[in-house]
Each structure stands twice: as C-alpha cells, then as structure tokens.
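A.B. asks: Please see the structure below; I have some questions.
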Amino acid sequence: MTECSARFADIISTVEFNHSGELLATGDKGGRVVIFQQEQENKTQSHSRGEYNVYSTFQSHEPEFDYLKSLEIEEKINKIRWLPQKNAAQFLLSTNDKTIKLWKISERDKRPEGYNLKEEDGRYRDPTTVTTLRVPVFRPMDLMVEASPRRIFANAHTYHINSISINSDYETYLSADDLRINLWHLEITDRSFNIVDIKPANMEELTEVITAAEFHPNSCNTFVYSSSKGTIRLCDMRASALCDRHSKLFEEPEDPSNRSFFSEIISSISDVKFSHSGRYMMTRDYLSVKIWDLNMENRPVETYQVHEYLRSKLCSLYENDCIFDKFECCWNGSDSIVMTGSYNNFFRMFDRNTKRDITLEASRENNKPRTVLKPRKVCASGKRKKDEISVDSLDFNKKILHTAWHPKENIIAVATTNNLYIFQDKMN
Amino acid sequence: MGEEEGLHQTQLLDTMFVRGLKRKCFDGEEDIEGTLAGIKAIPSYNLQRQSLLDMSLVKLQLCHMLVEPNLCRSVLIANTVRQIQEEMTQDGTWQMINTQSTGQASLDRLVSTDILCRSSREQAEGKHVPGYTTFNKDFEGDQAQDSSETMSTAPSVQVPRNLQSNVWEMENPQENKGNFQKSLDQIFETLENKSPNSVEDLFSEVDNSYYDLDTMLTGMMSNSKMGHCDGLETFSSPTATASNSNCKSDLNELDHIVEILVES
C-alpha cells in the first residue's frame, strides 16, 4: 500500500470523498475545510494511481457567541457532504453545531486583461488620458481555486447538529440534531420543515436522543435515524408531514448474559450508513458494526466485533469518557467490505464475503512508507505473543473516529487526531 | 506500588461489572472472604455500584459546567444513574451500604439514604416531587450533625433531583445556572463552610469538590481502595475542556495551516 499523509494544525473532525473520488474534503476543529485532489494518473507509472495534494483551503465556520443563551458556538466542522457535480464547479455542505453552509468551489485559470479604465494593477486611469478603446481579452493565469459561500442555513437547530444528508433528488437535504430533524431545500435558506421531533413535553422525561440520520441513496422519500438506545427508525415522508411514527423500527434484543450498567451506553449508535445499493444499512455502536437488511427489523444480518477485548474494560472507559467516543463507519464502493476505526490508531476492515477481518495501524513510526501495512493483533488476555499488543498498553488518546473509502477504487482516507492518512491498494 | 494496586483494583472493578448478574447484597460478603485469599479484598458489588453512582453524578455535575453540555452524553449518564438508583431501591440494598462500610453506621447515614429511597419511590409512584427548596429543607431538618460521612452522600442524594429538572433545560441556561448554583451553594456551604460570592468562586469550588468527593469515597471504603485516580493513569484521561485548550494553544498562524508530508 502506498501512503501519503498530511499533518493538520487542529483535530480532524470529518472526512469525505466526493462522488467521483477525485476530491477528498476534511473538516477540522478550527472550522477549516481542506480539500485534497487526486493527481491525474501518470501514464508512465502504471503501478501507482495519482496521489492526493492540497487543492483548496478555506475557513468555513467561525466561532460564534449566542448572546441569548450566553453560550459559545463551536466552529468545529461536524460533517461535510458533497453534492454531485453538475457543472464545472464543485459544491459541498459543511456544518458545525448550529449552521449549515453551502460552499461553491470553482477554478479560475484565466483572467481578463486590457481594461480601458483600469491599469493592469487595478489603479484607475485618468479618463482624460484614454484615447483609444480596446476589448479586454482572457489570458491564462496560474490556477486559483476559490471557495465562496453560496447559502447559509441558520437558526433552525436548538441542539447540536450531528448529521446532514443530501437527498437523492439532489434538491433537498436533511439536518439532524439531538432531538429534531429538519428538511431543507438547497435553494431556500429562510425556511425548513421539521420532519422528526422527539423532544418530550417535559424535558425531565428525556431518555433518548437522535445520534445520526441519513437519506436512502435511491428512494427520495425514505430516511433513517438512529438513537442513543440502539434503535434505528426508518421513515417514509409520504406517510405524513411529521414523521414521528416510524415505518420500520430496527432493534436487536439485548443479550441478557452481557447485561451491565453500561449496556445502554455501548448500544448507543454513533453512525448509520446505507450501502451503495440501498438494500442494507450499517450501524456502529461502541463495540461492534452491524449490517441490517432493510427488510428485517428484528435483528441484523451480520455483526462484526471491532474491539471485543474492551468489554471487560468498560468501567475504566466510562471513567475516562472514552465510552462516549463516536466512531464512524463506511462501505467500500462495491459494498463488500466495511471499515471502522478503533484506538491506538488502529482501524479495522471486515470482508463480508470471506468473513475475514484485518486490523491495521495508521502511524508513521510503525510503518515504513511504501511498504505493505502489517496487520496488527491485540492480545486480550493471557500470554502475549510476539508482535501482539496487550489491551493495557493501548493508547486511548489515539483514536480513529473518521474514515472514508473512495467510491470506486481501493483508496481509503483515515484520520488520526491530527493526521490524515491516505492508503492505496497496489494493483498489479 | 500504588499505581499497580490501583490498576489491579480498576481491572477487578471492570471484571465485577462485566458479570452483569444482579447479585444479592449478602453475596458481597462471601466474595470478600472467599476466593482470592492473600490478595486485597475485591470490592463488593454494592460498593462498586455506589462508586459508579457517585462517579456518574460527578460527571453530570462536570458536564453541566461546560459551555454547552453534550446532550447525548448527559442523557446516557443520567440513564445510568437512574438504573443504579432503581436497582438499589428494588434490592433494598441501601441498607447494606451502612453495615459494610468501615465507618460507624450513624443515624445521619440512615437519614440520608432514606431520602434517597424516598425520592426514587416518589419517582416510581409518579408523585409530585417536592420542589428544590422544600427538598432541601427536609434534608437540613433531618440532619442531626455535620459529619463528613453524611456529607459524602449528600451530593448523591441532593443532586439527582435537581439535575433531573435542570440538566436538559438548555433553553433557559441562565435560570438553570441560577438553580444549579443554588444547589451547589447548599452542598458546598455545608462541606466547606464557605458561601461563594462570585461565579468564579463557585466554579473553582466545584473543581475542588471532585477531589473532595473522591478522597471521601476512598476514605469511606478504606478496606477496598477503589483507586479511580490510579486507574486513570493507565488510560490518559483528558477532559473535553483540557483538549480544547490544548488545541487552541497548538494552533499557530492561519498561514501554516497544513504541512504536507509526502513519504517518498
């Protein structure tokens, strides 16, 4: 696997490939978006696909102060979602806790020259000195990538936005916070429709929050949202304006032998993703990844243990708050492999067909560049074999929460705290 | 030495919790005398449960201190607290805490745990829970003496009721901060004989209180040192606020945003 990496000044908070995979967007805690672009394939070097280089950097969100509540609104980018490309420009949605913005990223490689009233440096000419007229012409210039905010969708969320998802109609999108989900039209910023509201009349009765939401990739009327109690609700917007009553409820009955005071916390779903086919959805809870068939509500069709060795450490992980870490998960382009992160800069891949899994590490110290990544193994208990790592020496500060898979190729982006790693599969 | 012991205790704590079976209160005693002779006694299930309850309440307090608390985390912790309290009242095990602890089973302790029981029972029966002021009055009226042992249960007794009503009200944080300050005032007034005047004083006292609670807990259960703090050394535990400040300080000029390191 070839590897390239970038170091960030701030904690990376989201990673997302665009629909072609040519662009990779990252958001960070400082409200910045950095977009990487894949180099055009080098025909002479057939063994490597293009590497990713910085394409554009811009400040998406600034810290704000809510004067009414005396609370600071963080500028951290929670999610980025790309729109499919319709013309030369690229569009993406980025969101912090409260405000969603639509950004247009466009290239400029020509500029007009030969103005009549302006000098080349921009100073205005004295009109009395103008004796002839000419038509300005476009001349090539160094490529400039500009990002400009085209829409700002604000003031629709009382609680923290955790998800945004663009509908397959490419005209609407949803945004979800802890208690509500709103539906927007991409052209309209002063209005949104509330489609889910789970806020109880009496806040003392609150026991469950929304943790993630996503539109179905093909059915523009269908979306799902997950909860902190480990349930997923599928809703059909055709049924009613307010989708408080789900069409389907996905929930796996609890295993009584594993019951503890932490059962609910570890069942809380941190991410939900539809497969590209639209037939399955994947959920990530603290210890596992589950694949659900949309036609079967009472249990997942596949379950993969990410780091089962942590089950005996839940009290310590509760104490240091790691039990509340929200790991994301992703599908590969063909829906045959799923990937998610873990601690110690480990990330895991599960092959759904062969049922094989692998643990890899995103770290410069332990991997020589341009070598195949060595599989890792964690020793849960007993004698530690050579090259294995014991649970007690895992670094719980090094967590991989965000990963992304190229929609078409075997290229993955893995974010550690401050570093972004891009791994490519070496073909032929 | 302390570190290893602490780690060992935390590991045992983890193991105990994993078992997950509801254990009758008297099982705890058998365990202590039973299997692991020669090693320090495993903390009994009830003591561990109490420790988890206290830890959860402290977490709820701390997260109320943040600028805007993470609602999901707060809900999950509050649900855990509720679970523990329900189990404790169902088992009737709050009585056992008195007999198993090393201190004298004082009248004060019985009174304070009675209040714990009462508030949960009222919750179960759907009764109107007395407002903050009346609840406090009851507590202060029944309290015979100021003893640190009573005070150590005070946060776990008082705070849940108030937090239930206050912790979610993000729309009125000023009002709630007022209520919460009041509740903290009451608690820490008796703990430290000080009444905080300014908001800063209040917050600095809350920070100290975490450690006060912890030392009280370890003092209470001197037979079985929970060693949370020791256990923490294994897993570095940055709080959210700590990591915030670290990031801000690491952030240099906007010019040097990204360094590209392409391995060749």
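We label chains A, B, ... in the order they appear in the structure tokens, count residues from 1 in each chain, and number ligands from 1 in the order shown.
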Based on the backbone DSSP call, show me all residues of region 188-365 of chain A assigned helix (DSSP H, G or I), as number ranges by chain.
C.D. replies: A: 203-205, 256-258, 263-267, 308-319, 322-324
A.B. asks: Which is closer to chain B than all the others in A:Asp66, A:Glu187, A:Asp197, A:Asp236, using only C-alpha atoms?
C.D. replies: A:Asp66
A.B. asks: If we count only C-alpha atoms and set the cut-off at 9 Å, which residues sit around Lys98 (chain A), ignoring sequence neighbours fewer than 6 positions away in its own chain? Please answer as JSON, numbers by chain.
C.D. replies: {"A": [73, 74, 153, 154, 155, 156, 157, 158, 159, 160, 161, 177]}
A.B. asks: In Å, rounded to a single decimal, give me how far CA of Arg233 (chain A) is from CA of Glu214 (chain A).
C.D. replies: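 CA of Arg233 (chain A) lies 10.7 Å from CA of Glu214 (chain A).
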A.B. asks: Contacts of Ile77 (chain B) at 8 Å or less, counting only C-alpha atoms, minus same-chain residues fewer than 6 places along, as a ChimeraX atom specification?
C.D. replies: /B:56,59-60
A.B. asks: Write out, as a PDB file, in the first residue's frame, the residues just selected, with all heavy atoms.
C.D. replies:
ATOM      1  N   SER B  56     -20.875   8.824  38.301  1.00  0.00           N
ATOM      2  CA  SER B  56     -21.828   9.332  37.313  1.00  0.00           C
ATOM      3  C   SER B  56     -22.347  10.696  37.711  1.00  0.00           C
ATOM      4  O   SER B  56     -22.508  11.580  36.873  1.00  0.00           O
ATOM      5  CB  SER B  56     -22.993   8.361  37.152  1.00  0.00           C
ATOM      6  OG  SER B  56     -22.528   7.087  36.840  1.00  0.00           O
ATOM      7  N   LYS B  59     -19.819  13.248  37.036  1.00  0.00           N
ATOM      8  CA  LYS B  59     -19.760  13.515  35.596  1.00  0.00           C
ATOM      9  C   LYS B  59     -20.886  14.441  35.164  1.00  0.00           C
ATOM     10  O   LYS B  59     -20.705  15.320  34.337  1.00  0.00           O
ATOM     11  CB  LYS B  59     -19.880  12.204  34.814  1.00  0.00           C
ATOM     12  CG  LYS B  59     -18.603  11.443  34.681  1.00  0.00           C
ATOM     13  CD  LYS B  59     -18.821  10.245  33.762  1.00  0.00           C
ATOM     14  CE  LYS B  59     -17.589   9.382  33.679  1.00  0.00           C
ATOM     15  NZ  LYS B  59     -16.449  10.090  33.122  1.00  0.00           N
ATOM     16  N   LEU B  60     -22.055  14.224  35.731  1.00  0.00           N
ATOM     17  CA  LEU B  60     -23.183  15.080  35.364  1.00  0.00           C
ATOM     18  C   LEU B  60     -22.938  16.499  35.835  1.00  0.00           C
ATOM     19  O   LEU B  60     -23.256  17.452  35.141  1.00  0.00           O
ATOM     20  CB  LEU B  60     -24.479  14.544  35.976  1.00  0.00           C
ATOM     21  CG  LEU B  60     -25.152  13.414  35.211  1.00  0.00           C
ATOM     22  CD1 LEU B  60     -26.364  12.921  35.969  1.00  0.00           C
ATOM     23  CD2 LEU B  60     -25.550  13.863  33.815  1.00  0.00           C
TER      24      LEU B  60
END
A.B. asks: Can you tell me how far CA of Thr403 (chain A) sits from CA of Cys322 (chain A), in Å to one decimal?
C.D. replies: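 Distance reported for this atom pair: 18.2 Å.
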A.B. asks: If we count only C-alpha atoms, what is near Phe193 (chain A) at a cut-off of 10 Å, once residues fewer than 5 positions away on the same chain are taken out, given as JSON, numbers by chain?
C.D. replies: {"A": [156, 174, 181, 182, 183, 184, 185, 241, 242]}
A.B. asks: Output the selection as a short mmCIF file (atom, residue, chain, number, x, y, z; two decimals), in the first residue's frame - N, CA, C and O atoms for each residue.
C.D. replies:
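File again27.cif, as written:
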data_model
loop_
_atom_site.label_atom_id
_atom_site.label_comp_id
_atom_site.auth_asym_id
_atom_site.auth_seq_id
_atom_site.Cartn_x
_atom_site.Cartn_y
_atom_site.Cartn_z
N ALA A 156 -32.01 27.09 12.68
CA ALA A 156 -33.07 26.08 12.64
C ALA A 156 -32.87 24.99 13.67
O ALA A 156 -33.70 24.09 13.79
N LEU A 174 -31.40 16.81 4.56
CA LEU A 174 -31.86 16.85 5.94
C LEU A 174 -30.71 17.22 6.86
O LEU A 174 -29.55 16.98 6.55
N ILE A 181 -35.16 16.64 13.41
CA ILE A 181 -34.61 16.55 12.06
C ILE A 181 -35.37 17.52 11.17
O ILE A 181 -36.62 17.55 11.20
N ASN A 182 -34.63 18.30 10.42
CA ASN A 182 -35.24 19.29 9.53
C ASN A 182 -34.94 18.97 8.08
O ASN A 182 -33.88 18.45 7.74
N LEU A 183 -35.88 19.32 7.24
CA LEU A 183 -35.73 19.13 5.79
C LEU A 183 -35.58 20.49 5.13
O LEU A 183 -36.39 21.39 5.37
N TRP A 184 -34.56 20.62 4.31
CA TRP A 184 -34.29 21.89 3.64
C TRP A 184 -34.36 21.71 2.13
O TRP A 184 -34.10 20.65 1.60
N HIS A 185 -34.60 22.83 1.47
CA HIS A 185 -34.37 22.89 0.03
C HIS A 185 -33.07 23.65 -0.17
O HIS A 185 -32.83 24.67 0.49
N ALA A 241 -46.59 14.54 7.29
CA ALA A 241 -45.65 15.66 7.28
C ALA A 241 -44.63 15.53 8.41
O ALA A 241 -43.44 15.73 8.22
N LEU A 242 -45.12 15.15 9.58
CA LEU A 242 -44.22 14.96 10.70
C LEU A 242 -44.01 13.46 10.88
O LEU A 242 -44.94 12.73 11.20
#
A.B. asks: Identify which of the residues B:Leu53, B:Leu76, B:Leu47, B:Val81 lies closest to chain A, counting only C-alpha atoms when measuring atom-to-atom distances.
C.D. replies: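 Of B:Leu53, B:Leu76, B:Leu47, B:Val81, the one nearest chain A, counting only C-alpha atoms, is B:Leu76.
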A.B. asks: Just the number, please: distance in Å from CA of Arg311 (chain A) to CA of Ser342 (chain A), one decimal.
C.D. replies: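 Separation of CA of Arg311 (chain A) and CA of Ser342 (chain A): 13.5 Å.
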A.B. asks: Name the closest residue to chain A among the candidates B:Gln61, B:Ser44, B:Thr89, B:Ser51; distances are taken between atoms, counting only C-alpha atoms.
C.D. replies: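 Residue with the minimum atom-to-atom distance to chain A: B:Ser51.
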A.B. asks: Fewer than 4 positions away in the same chain doesn't count, so skip those; otherwise give me all residues within 12 Å of Glu252 (chain A), counting only C-alpha atoms, as a ChimeraX atom specification.
C.D. replies: /A:229-232,256,267,283,290-292,296-303
A.B. asks: Go ahead and dump the residues you just picked, N, CA and C atoms, as an mmCIF file, in the first residue's frame.
C.D. replies:
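Result went into part-v7.cif, see below:
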data_model
loop_
_atom_site.group_PDB
_atom_site.id
_atom_site.type_symbol
_atom_site.label_atom_id
_atom_site.label_comp_id
_atom_site.auth_asym_id
_atom_site.auth_seq_id
_atom_site.Cartn_x
_atom_site.Cartn_y
_atom_site.Cartn_z
ATOM 1 N N LYS A 229 -30.351 4.748 22.204
ATOM 2 C CA LYS A 229 -30.756 3.480 22.816
ATOM 3 C C LYS A 229 -30.523 2.308 21.874
ATOM 4 N N GLY A 230 -29.849 2.548 20.770
ATOM 5 C CA GLY A 230 -29.504 1.451 19.886
ATOM 6 C C GLY A 230 -30.588 1.080 18.896
ATOM 7 N N THR A 231 -31.550 1.969 18.677
ATOM 8 C CA THR A 231 -32.602 1.664 17.701
ATOM 9 C C THR A 231 -32.396 2.493 16.443
ATOM 10 N N ILE A 232 -32.914 1.968 15.339
ATOM 11 C CA ILE A 232 -32.903 2.720 14.080
ATOM 12 C C ILE A 232 -34.335 2.784 13.575
ATOM 13 N N PRO A 256 -28.982 -11.107 27.336
ATOM 14 C CA PRO A 256 -29.051 -11.000 28.804
ATOM 15 C C PRO A 256 -27.747 -11.373 29.502
ATOM 16 N N SER A 267 -24.676 0.440 23.571
ATOM 17 C CA SER A 267 -25.595 0.145 22.465
ATOM 18 C C SER A 267 -25.917 1.407 21.670
ATOM 19 N N THR A 283 -24.688 0.012 11.031
ATOM 20 C CA THR A 283 -24.665 0.857 12.219
ATOM 21 C C THR A 283 -23.408 0.550 13.016
ATOM 22 N N LYS A 290 -22.796 -3.426 12.787
ATOM 23 C CA LYS A 290 -23.892 -4.334 12.422
ATOM 24 C C LYS A 290 -24.427 -3.967 11.055
ATOM 25 N N ILE A 291 -24.702 -4.994 10.280
ATOM 26 C CA ILE A 291 -25.294 -4.810 8.952
ATOM 27 C C ILE A 291 -26.744 -5.258 9.042
ATOM 28 N N TRP A 292 -27.632 -4.399 8.615
ATOM 29 C CA TRP A 292 -29.061 -4.689 8.665
ATOM 30 C C TRP A 292 -29.603 -4.804 7.249
ATOM 31 N N MET A 296 -35.592 -6.717 7.256
ATOM 32 C CA MET A 296 -35.676 -7.474 8.502
ATOM 33 C C MET A 296 -35.367 -6.569 9.691
ATOM 34 N N GLU A 297 -36.369 -6.376 10.515
ATOM 35 C CA GLU A 297 -36.249 -5.394 11.586
ATOM 36 C C GLU A 297 -35.778 -5.957 12.909
ATOM 37 N N ASN A 298 -35.922 -7.262 13.095
ATOM 38 C CA ASN A 298 -35.732 -7.732 14.461
ATOM 39 C C ASN A 298 -34.284 -8.068 14.810
ATOM 40 N N ARG A 299 -33.418 -8.155 13.819
ATOM 41 C CA ARG A 299 -32.008 -8.342 14.147
ATOM 42 C C ARG A 299 -31.148 -8.061 12.918
ATOM 43 N N PRO A 300 -29.887 -7.742 13.152
ATOM 44 C CA PRO A 300 -29.006 -7.502 11.996
ATOM 45 C C PRO A 300 -28.672 -8.809 11.300
ATOM 46 N N VAL A 301 -28.285 -8.725 10.042
ATOM 47 C CA VAL A 301 -27.913 -9.949 9.323
ATOM 48 C C VAL A 301 -26.451 -10.290 9.550
ATOM 49 N N GLU A 302 -25.644 -9.277 9.878
ATOM 50 C CA GLU A 302 -24.235 -9.538 10.172
ATOM 51 C C GLU A 302 -23.797 -8.642 11.324
ATOM 52 N N THR A 303 -22.945 -9.200 12.158
ATOM 53 C CA THR A 303 -22.369 -8.419 13.256
ATOM 54 C C THR A 303 -20.870 -8.655 13.289
#
